[in-house]
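Engineer: Just one file: run28.tsv, with TSV, C-alpha atoms.
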```tsv
chain	number	residue	atom	x	y	z
A	233	MET	CA	96.48	103.13	163.93
A	234	GLU	CA	95.01	105.89	166.09
A	235	GLU	CA	95.06	109.30	164.42
A	236	THR	CA	96.21	112.29	166.47
A	237	MET	CA	93.85	115.15	165.82
A	238	PRO	CA	95.40	118.63	165.82
A	239	SER	CA	93.97	121.41	167.93
A	240	PRO	CA	90.96	123.05	166.23
A	241	LEU	CA	92.65	126.44	166.73
A	242	LYS	CA	95.80	125.32	164.94
A	243	ARG	CA	96.19	125.29	161.18
A	244	VAL	CA	96.46	121.74	159.86
A	245	THR	CA	99.83	121.24	158.19
A	246	ALA	CA	101.43	118.54	156.08
A	247	ALA	CA	103.37	117.54	159.23
A	248	ASP	CA	100.05	116.82	160.99
A	249	VAL	CA	99.02	114.56	158.13
A	250	ALA	CA	102.39	112.78	158.28
A	251	ARG	CA	102.10	112.21	162.06
A	252	ALA	CA	98.55	110.89	161.70
A	253	LEU	CA	99.71	108.33	159.15
A	254	GLY	CA	103.10	107.54	160.67
A	255	ILE	CA	104.95	108.30	157.45
A	256	SER	CA	107.57	110.89	156.52
A	257	ARG	CA	106.78	114.56	156.05
A	258	ALA	CA	108.58	114.41	152.69
A	259	THR	CA	106.27	111.68	151.40
A	260	VAL	CA	103.20	113.67	152.39
A	261	GLY	CA	104.65	116.79	150.78
A	262	TYR	CA	105.33	114.95	147.53
A	263	VAL	CA	101.73	113.71	147.40
A	264	LEU	CA	100.06	116.98	148.38
A	265	ASN	CA	102.19	118.96	145.92
A	266	ASP	CA	101.83	116.32	143.20
A	267	THR	CA	105.61	116.30	142.81
A	268	PRO	CA	106.63	114.45	139.63
A	269	GLY	CA	109.26	111.67	139.52
A	270	GLN	CA	108.41	110.11	142.89
A	271	SER	CA	107.85	106.36	143.31
A	272	ILE	CA	104.92	106.48	145.75
A	273	SER	CA	102.25	103.79	145.53
A	274	GLU	CA	98.71	104.68	144.56
A	275	ALA	CA	97.48	103.23	147.86
A	276	THR	CA	99.73	105.60	149.84
A	277	LYS	CA	98.71	108.56	147.71
A	278	ARG	CA	95.07	107.79	148.27
A	279	LYS	CA	95.57	107.42	152.04
A	280	VAL	CA	97.44	110.74	152.24
A	281	LEU	CA	94.72	112.59	150.35
A	282	GLU	CA	91.92	111.00	152.37
A	283	THR	CA	93.63	111.80	155.69
A	284	ALA	CA	94.44	115.35	154.62
A	285	SER	CA	90.79	115.89	153.70
A	286	SER	CA	89.49	114.40	156.96
A	287	LEU	CA	91.82	116.58	159.04
A	288	GLY	CA	90.77	119.73	157.17
A	289	TYR	CA	94.15	120.36	155.56
A	290	GLN	CA	94.36	123.48	153.37
A	291	PRO	CA	97.54	124.30	151.45
A	292	ASN	CA	99.55	127.25	152.70
A	293	ARG	CA	99.40	129.52	149.68
A	294	ALA	CA	101.94	131.96	151.10
A	295	ALA	CA	104.48	129.18	151.56
A	296	GLN	CA	103.77	127.84	148.10
A	297	ALA	CA	104.26	131.28	146.62
A	298	LEU	CA	107.55	131.67	148.46
A	299	ALA	CA	108.77	128.30	147.22
A	300	SER	CA	107.66	128.81	143.63
A	301	GLY	CA	108.46	132.50	143.37
A	302	SER	CA	104.91	133.17	142.18
A	303	SER	CA	101.81	134.23	144.07
A	304	ARG	CA	99.59	133.93	140.97
A	305	ILE	CA	98.13	137.31	141.90
A	306	VAL	CA	97.61	140.29	139.59
A	307	LEU	CA	97.11	143.52	141.53
A	308	LEU	CA	95.09	146.20	139.75
A	309	LEU	CA	95.19	149.74	141.14
A	310	LEU	CA	91.86	151.51	140.76
A	311	PRO	CA	91.28	155.25	140.82
A	312	ASP	CA	88.99	156.62	143.49
A	313	TRP	CA	85.89	156.21	141.32
A	314	PRO	CA	82.53	154.79	142.33
A	315	LEU	CA	82.15	151.13	141.33
A	316	ASP	CA	79.24	151.63	138.95
A	317	HIS	CA	77.83	149.15	136.44
A	318	SER	CA	80.48	149.93	133.83
A	319	MET	CA	83.43	149.50	136.16
A	320	ARG	CA	82.09	146.29	137.69
A	321	ALA	CA	81.50	144.79	134.25
A	322	HIS	CA	85.06	145.62	133.16
A	323	LEU	CA	86.51	144.08	136.29
A	324	ASP	CA	84.39	140.95	135.98
A	325	GLU	CA	85.69	140.32	132.47
A	326	THR	CA	89.30	141.05	133.46
A	327	SER	CA	89.03	138.67	136.41
A	328	LEU	CA	87.53	135.93	134.24
A	329	ALA	CA	90.27	136.22	131.61
A	330	LEU	CA	93.00	136.06	134.27
A	331	GLU	CA	91.37	133.09	136.01
A	332	GLU	CA	91.44	131.21	132.71
A	333	ALA	CA	95.21	131.73	132.69
A	334	GLY	CA	95.58	130.61	136.34
A	335	TYR	CA	95.80	134.02	138.02
A	336	SER	CA	93.64	135.83	140.57
A	337	LEU	CA	92.74	139.50	140.21
A	338	VAL	CA	92.93	141.65	143.33
A	339	THR	CA	91.94	145.33	143.19
A	340	PHE	CA	93.16	148.13	145.42
A	341	THR	CA	92.16	151.78	145.73
A	342	GLU	CA	94.28	154.30	147.59
A	343	HIS	CA	91.89	156.83	149.10
A	344	PRO	CA	93.13	160.34	149.98
A	345	GLY	CA	94.36	160.46	153.56
A	346	SER	CA	94.28	156.69	154.01
A	347	ARG	CA	96.79	155.25	156.48
A	348	ALA	CA	96.38	151.66	155.27
A	349	ARG	CA	99.41	149.91	153.82
A	350	PRO	CA	99.21	149.43	150.04
A	351	LEU	CA	98.46	145.83	149.09
A	352	TRP	CA	101.68	145.38	147.12
A	353	GLU	CA	103.47	145.48	150.47
A	354	THR	CA	101.59	142.46	151.81
A	355	LEU	CA	100.42	140.35	148.84
A	356	ASP	CA	103.66	139.96	146.86
A	357	PRO	CA	101.78	140.21	143.54
A	358	ASP	CA	103.32	138.76	140.41
A	359	VAL	CA	102.46	141.94	138.52
A	360	VAL	CA	100.95	145.34	139.28
A	361	MET	CA	98.91	147.34	136.80
A	362	SER	CA	96.82	150.49	137.05
A	363	LEU	CA	93.87	152.19	135.38
A	364	THR	CA	95.58	155.56	135.86
A	365	ASP	CA	99.15	156.84	135.93
A	366	TYR	CA	101.31	155.80	138.88
A	367	THR	CA	102.60	158.43	141.27
A	368	ASP	CA	106.33	158.67	141.97
A	369	GLU	CA	105.62	157.62	145.55
A	370	GLN	CA	103.80	154.47	144.42
A	371	LEU	CA	106.61	153.41	142.09
A	372	ALA	CA	109.24	154.05	144.78
A	373	SER	CA	107.26	151.97	147.28
A	374	MET	CA	106.91	149.10	144.79
A	375	ARG	CA	110.64	149.10	144.10
A	376	ALA	CA	111.39	149.10	147.81
A	377	CYS	CA	109.04	146.14	148.33
A	378	GLY	CA	110.64	144.14	145.53
A	379	VAL	CA	107.68	144.14	143.16
A	380	ARG	CA	109.06	142.32	140.15
A	381	ARG	CA	106.77	143.41	137.35
A	382	VAL	CA	104.84	146.63	136.78
A	383	VAL	CA	102.77	147.26	133.67
A	384	HIS	CA	103.81	150.79	132.75
A	385	GLN	CA	101.55	151.01	129.72
A	386	GLY	CA	98.50	152.76	131.02
A	387	PRO	CA	94.96	152.20	129.89
A	388	PRO	CA	94.05	153.35	126.37
A	389	THR	CA	92.87	156.92	126.08
A	390	MET	CA	89.37	157.96	125.16
A	391	GLY	CA	90.44	158.76	121.60
A	392	GLN	CA	92.01	155.32	121.09
A	393	LEU	CA	88.96	153.29	121.98
A	394	GLY	CA	85.90	152.86	119.82
A	395	TYR	CA	83.74	152.43	122.90
A	396	ALA	CA	84.64	155.97	123.97
A	397	LEU	CA	82.72	157.35	120.99
A	398	GLY	CA	79.43	156.83	122.79
A	399	PRO	CA	78.69	160.58	123.28
A	400	GLN	CA	79.25	161.11	119.55
A	401	TYR	CA	76.74	158.40	118.67
A	402	LEU	CA	74.21	159.83	121.13
A	403	VAL	CA	74.39	163.34	119.65
A	404	GLU	CA	74.17	161.95	116.12
A	405	HIS	CA	71.13	159.94	117.15
A	406	LEU	CA	69.32	162.94	118.62
A	407	VAL	CA	70.11	165.12	115.60
A	408	GLU	CA	68.78	162.40	113.30
A	409	ARG	CA	65.58	162.51	115.36
A	410	GLY	CA	65.26	166.22	114.59
A	411	ARG	CA	66.58	167.59	117.88
A	412	ARG	CA	68.60	170.79	117.51
A	413	ARG	CA	69.06	172.29	120.98
A	414	LEU	CA	70.90	169.80	123.12
A	415	ALA	CA	72.10	170.02	126.72
A	416	PHE	CA	74.56	167.84	128.62
A	417	ALA	CA	73.64	166.51	132.06
A	418	GLY	CA	76.68	165.56	134.13
A	419	SER	CA	77.33	163.99	137.50
A	420	PRO	CA	78.32	166.21	140.46
A	421	ASP	CA	80.55	163.47	141.93
A	422	PRO	CA	84.04	165.08	142.03
A	423	ARG	CA	85.64	161.67	141.53
A	424	LEU	CA	84.10	161.53	138.06
A	425	ALA	CA	85.05	165.03	136.95
A	426	ASP	CA	87.55	163.88	134.31
A	427	LEU	CA	85.21	161.28	132.80
A	428	VAL	CA	82.28	163.68	132.79
A	429	GLY	CA	84.47	166.30	131.13
A	430	GLU	CA	85.63	163.86	128.43
A	431	ARG	CA	82.08	162.89	127.50
A	432	ARG	CA	80.82	166.44	127.54
A	433	ARG	CA	83.66	167.65	125.29
A	434	LEU	CA	83.00	164.91	122.73
A	435	ALA	CA	79.27	165.61	122.76
A	436	ASP	CA	79.93	169.32	122.28
A	437	ALA	CA	82.40	168.74	119.46
A	438	THR	CA	79.94	166.46	117.65
A	439	HIS	CA	77.12	169.01	118.05
A	440	ARG	CA	79.43	171.71	116.67
A	441	GLN	CA	80.41	169.55	113.70
A	442	LEU	CA	76.82	168.65	112.80
A	443	LEU	CA	75.02	171.92	113.56
A	444	GLY	CA	77.72	174.57	113.51
A	445	SER	CA	77.55	175.42	117.19
A	446	GLY	CA	78.16	173.72	120.52
A	447	LEU	CA	75.72	172.40	123.09
A	448	VAL	CA	73.30	175.06	124.26
A	449	ALA	CA	73.51	174.16	127.95
A	450	GLY	CA	75.17	171.92	130.49
A	451	ALA	CA	75.09	171.28	134.21
A	452	ASP	CA	75.81	168.66	136.84
A	453	LEU	CA	72.52	167.38	138.22
A	454	ASN	CA	71.53	166.03	141.61
A	455	LEU	CA	68.29	165.55	143.50
A	456	ASP	CA	68.42	169.08	144.88
A	457	ASN	CA	68.94	171.05	141.66
A	458	ALA	CA	67.44	168.82	138.96
A	459	GLU	CA	63.96	170.37	138.95
A	460	GLN	CA	65.21	173.94	138.61
A	461	ILE	CA	67.71	173.04	135.88
A	462	ILE	CA	65.26	170.98	133.81
A	463	ARG	CA	62.65	173.73	134.11
A	464	GLU	CA	65.20	176.31	132.85
A	465	TRP	CA	66.34	174.07	130.01
A	466	VAL	CA	62.83	173.39	128.76
A	467	SER	CA	61.83	177.04	128.96
A	468	SER	CA	64.92	177.99	126.91
A	469	GLY	CA	63.99	175.54	124.15
A	470	VAL	CA	66.22	172.56	124.95
A	471	ASP	CA	64.70	169.56	123.16
A	472	GLY	CA	67.28	166.86	123.88
A	473	VAL	CA	69.55	165.87	126.77
A	474	VAL	CA	72.73	163.80	126.60
A	475	ALA	CA	73.33	162.41	130.09
A	476	TYR	CA	76.70	161.28	131.46
A	477	ASN	CA	75.28	157.85	132.29
A	478	ASP	CA	72.00	156.02	132.75
A	479	ASP	CA	71.59	157.04	136.39
A	480	VAL	CA	71.74	160.71	135.40
A	481	ALA	CA	69.43	160.05	132.44
A	482	ALA	CA	66.89	158.47	134.79
A	483	LEU	CA	67.09	161.53	137.06
A	484	VAL	CA	66.48	163.84	134.09
A	485	ALA	CA	63.58	161.74	132.79
A	486	GLY	CA	61.93	161.41	136.19
A	487	THR	CA	62.22	165.13	136.86
A	488	ALA	CA	60.86	166.04	133.44
A	489	LEU	CA	57.85	163.78	133.85
A	490	ARG	CA	57.07	165.21	137.30
A	491	LEU	CA	57.13	168.68	135.71
A	492	GLY	CA	54.65	167.54	133.05
A	493	VAL	CA	57.23	167.55	130.25
A	494	GLY	CA	56.61	164.81	127.70
A	495	VAL	CA	59.43	162.29	127.17
A	496	PRO	CA	60.40	161.99	124.37
A	497	ASP	CA	57.78	164.21	122.66
A	498	SER	CA	59.03	167.47	124.20
A	499	LEU	CA	62.35	166.32	125.59
A	500	ALA	CA	64.39	163.38	124.26
A	501	ILE	CA	66.83	161.89	126.77
A	502	VAL	CA	69.75	159.53	126.22
A	503	GLY	CA	72.08	157.85	128.71
A	504	HIS	CA	75.29	155.85	128.63
A	505	ASP	CA	76.55	152.38	129.73
A	506	ASP	CA	73.33	150.40	129.08
A	507	SER	CA	73.07	149.53	132.76
A	508	PRO	CA	70.05	147.55	134.03
A	509	ILE	CA	68.15	150.71	134.92
A	510	ALA	CA	68.12	151.72	131.23
A	511	GLN	CA	65.92	148.74	130.38
A	512	LEU	CA	63.84	148.74	133.58
A	513	TYR	CA	63.01	152.45	133.66
A	514	PHE	CA	59.79	153.75	132.11
A	515	PRO	CA	60.10	155.09	129.54
A	516	SER	CA	63.08	152.84	128.79
A	517	LEU	CA	66.28	154.78	128.20
A	518	THR	CA	68.22	155.00	124.96
A	519	SER	CA	71.81	154.24	125.89
A	520	ILE	CA	75.27	153.12	124.77
A	521	ARG	CA	76.18	149.47	125.22
A	522	MET	CA	79.87	149.11	126.06
A	523	ASP	CA	82.21	146.36	124.95
A	524	TYR	CA	82.98	145.20	128.48
A	525	LYS	CA	84.39	141.90	127.27
A	526	GLY	CA	86.83	143.57	124.90
A	527	MET	CA	88.05	146.02	127.52
A	528	GLY	CA	88.37	143.35	130.20
A	529	ARG	CA	90.30	141.02	127.91
A	530	TYR	CA	92.57	143.87	126.90
A	531	LEU	CA	93.44	144.67	130.51
A	532	ALA	CA	94.11	141.00	131.21
A	533	SER	CA	96.35	140.79	128.14
A	534	LEU	CA	98.49	143.64	129.49
A	535	ALA	CA	99.13	141.70	132.70
A	536	LEU	CA	99.72	138.36	130.97
A	537	GLY	CA	102.02	139.99	128.45
A	538	GLU	CA	104.17	141.34	131.28
A	539	LEU	CA	104.17	137.98	133.04
A	540	GLN	CA	105.13	136.08	129.92
A	541	GLY	CA	107.82	138.50	128.84
A	542	ARG	CA	106.14	139.56	125.63
A	543	ASN	CA	104.96	142.89	124.31
A	544	SER	CA	101.66	144.10	125.70
A	545	HIS	CA	98.63	143.62	123.53
A	546	ASP	CA	98.69	145.97	120.56
A	547	LEU	CA	95.62	148.20	120.44
A	548	THR	CA	95.35	147.56	116.71
A	549	GLU	CA	94.62	143.91	117.50
A	550	VAL	CA	91.69	144.76	119.75
A	551	GLU	CA	88.26	145.83	118.60
A	552	PHE	CA	86.41	147.90	121.16
A	553	ARG	CA	82.84	148.60	120.29
A	554	ALA	CA	80.16	151.02	121.41
A	555	THR	CA	76.66	150.24	120.26
A	556	LEU	CA	73.73	152.63	120.31
A	557	VAL	CA	70.62	150.99	121.82
A	558	PRO	CA	67.56	153.09	120.89
A	559	ARG	CA	64.62	152.92	123.29
A	560	GLU	CA	61.52	154.87	124.27
A	561	SER	CA	63.22	157.94	125.77
A	562	SER	CA	64.34	159.27	122.38
```
Represent the supplied structure as structure tokens.

Structural biologist:
Amino acid sequence: MEETMPSPLKRVTAADVARALGISRATVGYVLNDTPGQSISEATKRKVLETASSLGYQPNRAAQALASGSSRIVLLLLPDWPLDHSMRAHLDETSLALEEAGYSLVTFTEHPGSRARPLWETLDPDVVMSLTDYTDEQLASMRACGVRRVVHQGPPTMGQLGYALGPQYLVEHLVERGRRRLAFAGSPDPRLADLVGERRRLADATHRQLLGSGLVAGADLNLDNAEQIIREWVSSGVDGVVAYNDDVAALVAGTALRLGVGVPDSLAIVGHDDSPIAQLYFPSLTSIRMDYKGMGRYLASLALGELQGRNSHDLTEVEFRATLVPRESS
């Protein structure tokens, strides 16, 4: 039997496979969809699968989703934050946990002034979740688009998660090393203002609790102002710096060394997130190792709980951990 090849510009369908074999479209559909309860011979099944493969058949996921009522997609709304090491690690673990349950994770960020349509209008996700609070406009748009499930429980707050205690551990570590005048080095990225503020407040509160007064200095550092700020800090007696993350810690350390300030002899420096640069930098950076797996699995459990009609994962059942990793910089 001569097979009729479809046009290379045309998507290969189950009907093309049926025409090539001279059998019914229904039979091909039963085989390709592995429909139970059908009396189709193994020889026919094998021929259908072989022909489908040779023609380049790919299942139409949109049609399958329409027929089954499920797209197997979890849409996660991200804030307008840079995708740094910490965020990527969280998302990798969330994606892996969802894949194990048969779902795909898709992320979406609404940037200010963007004219792009939100992905929930085009993907028909099974569930939508977010790392921040939804706006009224977002919720109204989801309702209008027929989004069936929205995880309304937001992410856990800083105070609820053990991993958020990193700044506390860093200050305790520096004080144990005999440092008494600590400064906080933040990031000038406006998208990170809330996170920087959270870490600085916890570092300040810990310093106040241990030594009776708050941090002696603080500033957001970049390549343009780092030298002046570090020079001022050292001249005022600052002997330890708690940095927002490892990138900022590396900037502080590099600037200090260029100014001839000994690290850690004169100035101890600690970072956060235990990103690759913390281990590769010289001197290697003391940092906080995050429980990316725990956080990722928690986020996945929120989505799966909504999909399965059960209560979202109780925080008391999850152990988030922050681990201090001492290195040469302190």

Engineer: For A:Tyr530, which residue out of A:Thr326, A:Ser467, A:Ser507, A:Ser318 is the nearest one, using all atoms listed in the file?

Structural biologist: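 Closest residue, counting all atoms listed in the file: A:Thr326.
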
Engineer: Smallest atom-to-atom distance to A:Ala376: which of A:Gln400, A:Val466, A:Glu353, A:Arg440, using all atoms listed in the file?

Structural biologist: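 Closest to A:Ala376 of all the choices is A:Glu353.
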
Engineer: Kindly give the distance, in Å, that separates atom CA of A:Gly469 and atom CA of A:Val448, rounded to a single decimal.

Structural biologist: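 Rounded to one decimal, the two atoms are 9.3 Å apart.
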
Engineer: Report the distance between atom CA of A:Leu402 and atom CA of A:Ala500 in Å, rounded to one decimal place.

Structural biologist: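 Between atom CA of A:Leu402 and atom CA of A:Ala500 the gap works out to 10.9 Å.
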
Engineer: What does the distance from atom CA of A:Phe416 to atom CA of A:Met319 come to in Å, to one decimal?

Structural biologist: 21.7 Å

Engineer: Using only C-alpha atoms, determine which residues lie at most 10 Å from A:Ala535, disregarding the query and same-chain residues fewer than 6 positions distant; provide the list as a VMD selection string.

Structural biologist: chain A and resid 306 to 308 326 330 335 358 to 361 381 to 383 544 to 545

Engineer: Go ahead and write the residues just picked, C-alpha atoms, as a short mmCIF file (atom, residue, chain, number, x, y, z; two decimals), in the coordinates of the input.

Structural biologist:
```cif
data_model
loop_
_atom_site.label_atom_id
_atom_site.label_comp_id
_atom_site.auth_asym_id
_atom_site.auth_seq_id
_atom_site.Cartn_x
_atom_site.Cartn_y
_atom_site.Cartn_z
CA VAL A 306 97.61 140.29 139.59
CA LEU A 307 97.11 143.52 141.53
CA LEU A 308 95.09 146.20 139.75
CA THR A 326 89.30 141.05 133.46
CA LEU A 330 93.00 136.06 134.27
CA TYR A 335 95.80 134.02 138.02
CA ASP A 358 103.32 138.76 140.41
CA VAL A 359 102.46 141.94 138.52
CA VAL A 360 100.95 145.34 139.28
CA MET A 361 98.91 147.34 136.80
CA ARG A 381 106.77 143.41 137.35
CA VAL A 382 104.84 146.63 136.78
CA VAL A 383 102.77 147.26 133.67
CA SER A 544 101.66 144.10 125.70
CA HIS A 545 98.63 143.62 123.53
#
```

Engineer: With all atoms listed in the file as the counted atoms, please give the residues lying no more than 12 Å from A:Val493, apart from itself and same-chain residues fewer than 5 positions off, as an NGL selection string.

Structural biologist: :A and (459 or 462-463 or 465-467 or 470-472 or 484-488 or 498-501)

Engineer: Please determine, counting all atoms listed in the file, which residue among A:Leu363, A:Ala554, A:Ala437, A:Leu424 has the shortest atom-to-atom distance to A:Gly526.

Structural biologist: A:Ala554

Engineer: List as a tab-separated table every residue of stretch 267-376 of chain A that is in contact with stretch 248-261 of chain A, defined as an atom at most 9 Å from one of its atoms (using all atoms listed in the file), together with the nearest atom pair and the distance in Å rounded to one decimal, sorted by chain and then rising number.

Structural biologist:
```
residue	atom	partner	partner_atom	distance
A:Thr267	CA	A:Gly261	CA	8.0
A:Gln270	CA	A:Thr259	CA	8.9
A:Ile272	CA	A:Thr259	CA	7.8
A:Lys277	CA	A:Val260	CA	8.3
A:Lys279	CA	A:Leu253	CA	8.3
A:Val280	CA	A:Val260	CA	6.5
A:Leu281	CA	A:Val260	CA	8.8
A:Thr283	CA	A:Val249	CA	6.5
A:Ala284	CA	A:Val249	CA	5.8
A:Leu287	CA	A:Val249	CA	7.5
A:Tyr289	CA	A:Val249	CA	8.0
```

Engineer: Give me the residues within 7 Å of stretch 426-430 of chain A as a list in words, counting all atoms listed in the file and dropping any in the same chain fewer than 5 places off.

Structural biologist: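 The filter keeps Gly418, Ser419 and Tyr476 of chain A.
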
Engineer: With all atoms listed in the file as the basis for distance, which of A:Thr438, A:Thr555, A:Ser271, A:Ser561 is at the shortest distance from A:Tyr513?

Structural biologist: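 Checking each of A:Thr438, A:Thr555, A:Ser271, A:Ser561 against A:Tyr513, counting all atoms listed in the file, the winner is A:Ser561.
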
Engineer: From the list A:Ala475, A:Ser303, A:Gly446, A:Ala481, which residue is nearest A:Leu355 when using only C-alpha atoms?

Structural biologist: A:Ser303

Engineer: Go through A:Asp506, A:Asp266, A:Glu274, A:Asp452 and flag the residue nearest A:Arg432, using all atoms listed in the file for the distances.

Structural biologist: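 Nearest candidate to A:Arg432 out of A:Asp506, A:Asp266, A:Glu274, A:Asp452: A:Asp452.
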
Engineer: List the spatial neighbours of A:Thr341 as a ChimeraX atom specification - criterion: any atom at most 7 Å away, all atoms listed in the file, same-chain residues fewer than 5 positions off excluded.

Structural biologist: /A:309-312

Engineer: Would you mind exporting the chosen residues as an mmCIF file, keeping the file's coordinate frame, restricted to C-alpha atoms?

Structural biologist:
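The result, stored in result-v4.cif:
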```cif
data_model
loop_
_atom_site.group_PDB
_atom_site.id
_atom_site.type_symbol
_atom_site.label_atom_id
_atom_site.label_comp_id
_atom_site.auth_asym_id
_atom_site.auth_seq_id
_atom_site.Cartn_x
_atom_site.Cartn_y
_atom_site.Cartn_z
ATOM 1 C CA LEU A 309 95.190 149.740 141.140
ATOM 2 C CA LEU A 310 91.860 151.510 140.760
ATOM 3 C CA PRO A 311 91.280 155.250 140.820
ATOM 4 C CA ASP A 312 88.990 156.620 143.490
#
```

Engineer: Which residues are near A:Glu325? Cut-off 9 Å, all atoms listed in the file, ignore same chain within fewer than 6 positions. Put them as a VMD selection string.

Structural biologist: chain A and resid 524 to 529 532

Engineer: Can you sort out the box for stretch 512-528 of chain A, edges along x, y and z, all listed atoms in, 5 Å on every side, with centre and edge lengths in Å to one decimal, as JSON?

Structural biologist:
```
{"center_x": 74.1, "center_y": 148.5, "center_z": 129.2, "size_x": 38.6, "size_y": 23.2, "size_z": 18.9}
```

Engineer: Please complete stretch 522-528 of chain A with all heavy atoms and give it back as a PDB file, keeping the file's coordinate frame.

Structural biologist:
```pdb
ATOM      1  N   MET A 522      78.411 149.142 126.095  1.00  0.00           N
ATOM      2  CA  MET A 522      79.870 149.110 126.060  1.00  0.00           C
ATOM      3  C   MET A 522      80.382 147.707 125.759  1.00  0.00           C
ATOM      4  O   MET A 522      79.714 146.716 126.050  1.00  0.00           O
ATOM      5  CB  MET A 522      80.423 149.552 127.415  1.00  0.00           C
ATOM      6  CG  MET A 522      79.809 150.829 127.946  1.00  0.00           C
ATOM      7  SD  MET A 522      80.466 152.286 127.156  1.00  0.00           S
ATOM      8  CE  MET A 522      81.986 152.436 128.089  1.00  0.00           C
ATOM      9  N   ASP A 523      81.574 147.646 125.213  1.00  0.00           N
ATOM     10  CA  ASP A 523      82.210 146.360 124.950  1.00  0.00           C
ATOM     11  C   ASP A 523      83.023 145.968 126.189  1.00  0.00           C
ATOM     12  O   ASP A 523      84.247 146.050 126.215  1.00  0.00           O
ATOM     13  CB  ASP A 523      83.123 146.460 123.728  1.00  0.00           C
ATOM     14  CG  ASP A 523      83.783 145.137 123.385  1.00  0.00           C
ATOM     15  OD1 ASP A 523      83.359 144.103 123.944  1.00  0.00           O
ATOM     16  OD2 ASP A 523      84.719 145.137 122.573  1.00  0.00           O
ATOM     17  N   TYR A 524      82.308 145.550 127.236  1.00  0.00           N
ATOM     18  CA  TYR A 524      82.980 145.200 128.480  1.00  0.00           C
ATOM     19  C   TYR A 524      83.937 144.025 128.289  1.00  0.00           C
ATOM     20  O   TYR A 524      85.024 143.991 128.873  1.00  0.00           O
ATOM     21  CB  TYR A 524      81.946 144.845 129.546  1.00  0.00           C
ATOM     22  CG  TYR A 524      80.973 145.950 129.836  1.00  0.00           C
ATOM     23  CD1 TYR A 524      79.605 145.759 129.668  1.00  0.00           C
ATOM     24  CD2 TYR A 524      81.419 147.190 130.277  1.00  0.00           C
ATOM     25  CE1 TYR A 524      78.708 146.776 129.935  1.00  0.00           C
ATOM     26  CE2 TYR A 524      80.523 148.214 130.546  1.00  0.00           C
ATOM     27  CZ  TYR A 524      79.165 147.997 130.372  1.00  0.00           C
ATOM     28  OH  TYR A 524      78.289 149.010 130.629  1.00  0.00           O
ATOM     29  N   LYS A 525      83.541 143.066 127.485  1.00  0.00           N
ATOM     30  CA  LYS A 525      84.390 141.900 127.270  1.00  0.00           C
ATOM     31  C   LYS A 525      85.697 142.296 126.609  1.00  0.00           C
ATOM     32  O   LYS A 525      86.772 141.864 127.016  1.00  0.00           O
ATOM     33  CB  LYS A 525      83.656 140.863 126.408  1.00  0.00           C
ATOM     34  CG  LYS A 525      84.434 139.570 126.221  1.00  0.00           C
ATOM     35  CD  LYS A 525      83.593 138.523 125.515  1.00  0.00           C
ATOM     36  CE  LYS A 525      84.373 137.216 125.381  1.00  0.00           C
ATOM     37  NZ  LYS A 525      83.558 136.159 124.729  1.00  0.00           N
ATOM     38  N   GLY A 526      85.617 143.138 125.582  1.00  0.00           N
ATOM     39  CA  GLY A 526      86.830 143.570 124.900  1.00  0.00           C
ATOM     40  C   GLY A 526      87.772 144.323 125.813  1.00  0.00           C
ATOM     41  O   GLY A 526      88.980 144.089 125.821  1.00  0.00           O
ATOM     42  N   MET A 527      87.222 145.244 126.611  1.00  0.00           N
ATOM     43  CA  MET A 527      88.050 146.020 127.520  1.00  0.00           C
ATOM     44  C   MET A 527      88.659 145.140 128.600  1.00  0.00           C
ATOM     45  O   MET A 527      89.843 145.246 128.930  1.00  0.00           O
ATOM     46  CB  MET A 527      87.215 147.132 128.171  1.00  0.00           C
ATOM     47  CG  MET A 527      88.015 148.059 129.071  1.00  0.00           C
ATOM     48  SD  MET A 527      89.313 148.932 128.178  1.00  0.00           S
ATOM     49  CE  MET A 527      90.023 149.902 129.501  1.00  0.00           C
ATOM     50  N   GLY A 528      87.852 144.237 129.156  1.00  0.00           N
ATOM     51  CA  GLY A 528      88.370 143.350 130.200  1.00  0.00           C
ATOM     52  C   GLY A 528      89.470 142.454 129.686  1.00  0.00           C
ATOM     53  O   GLY A 528      90.493 142.258 130.344  1.00  0.00           O
TER      54      GLY A 528
END
```
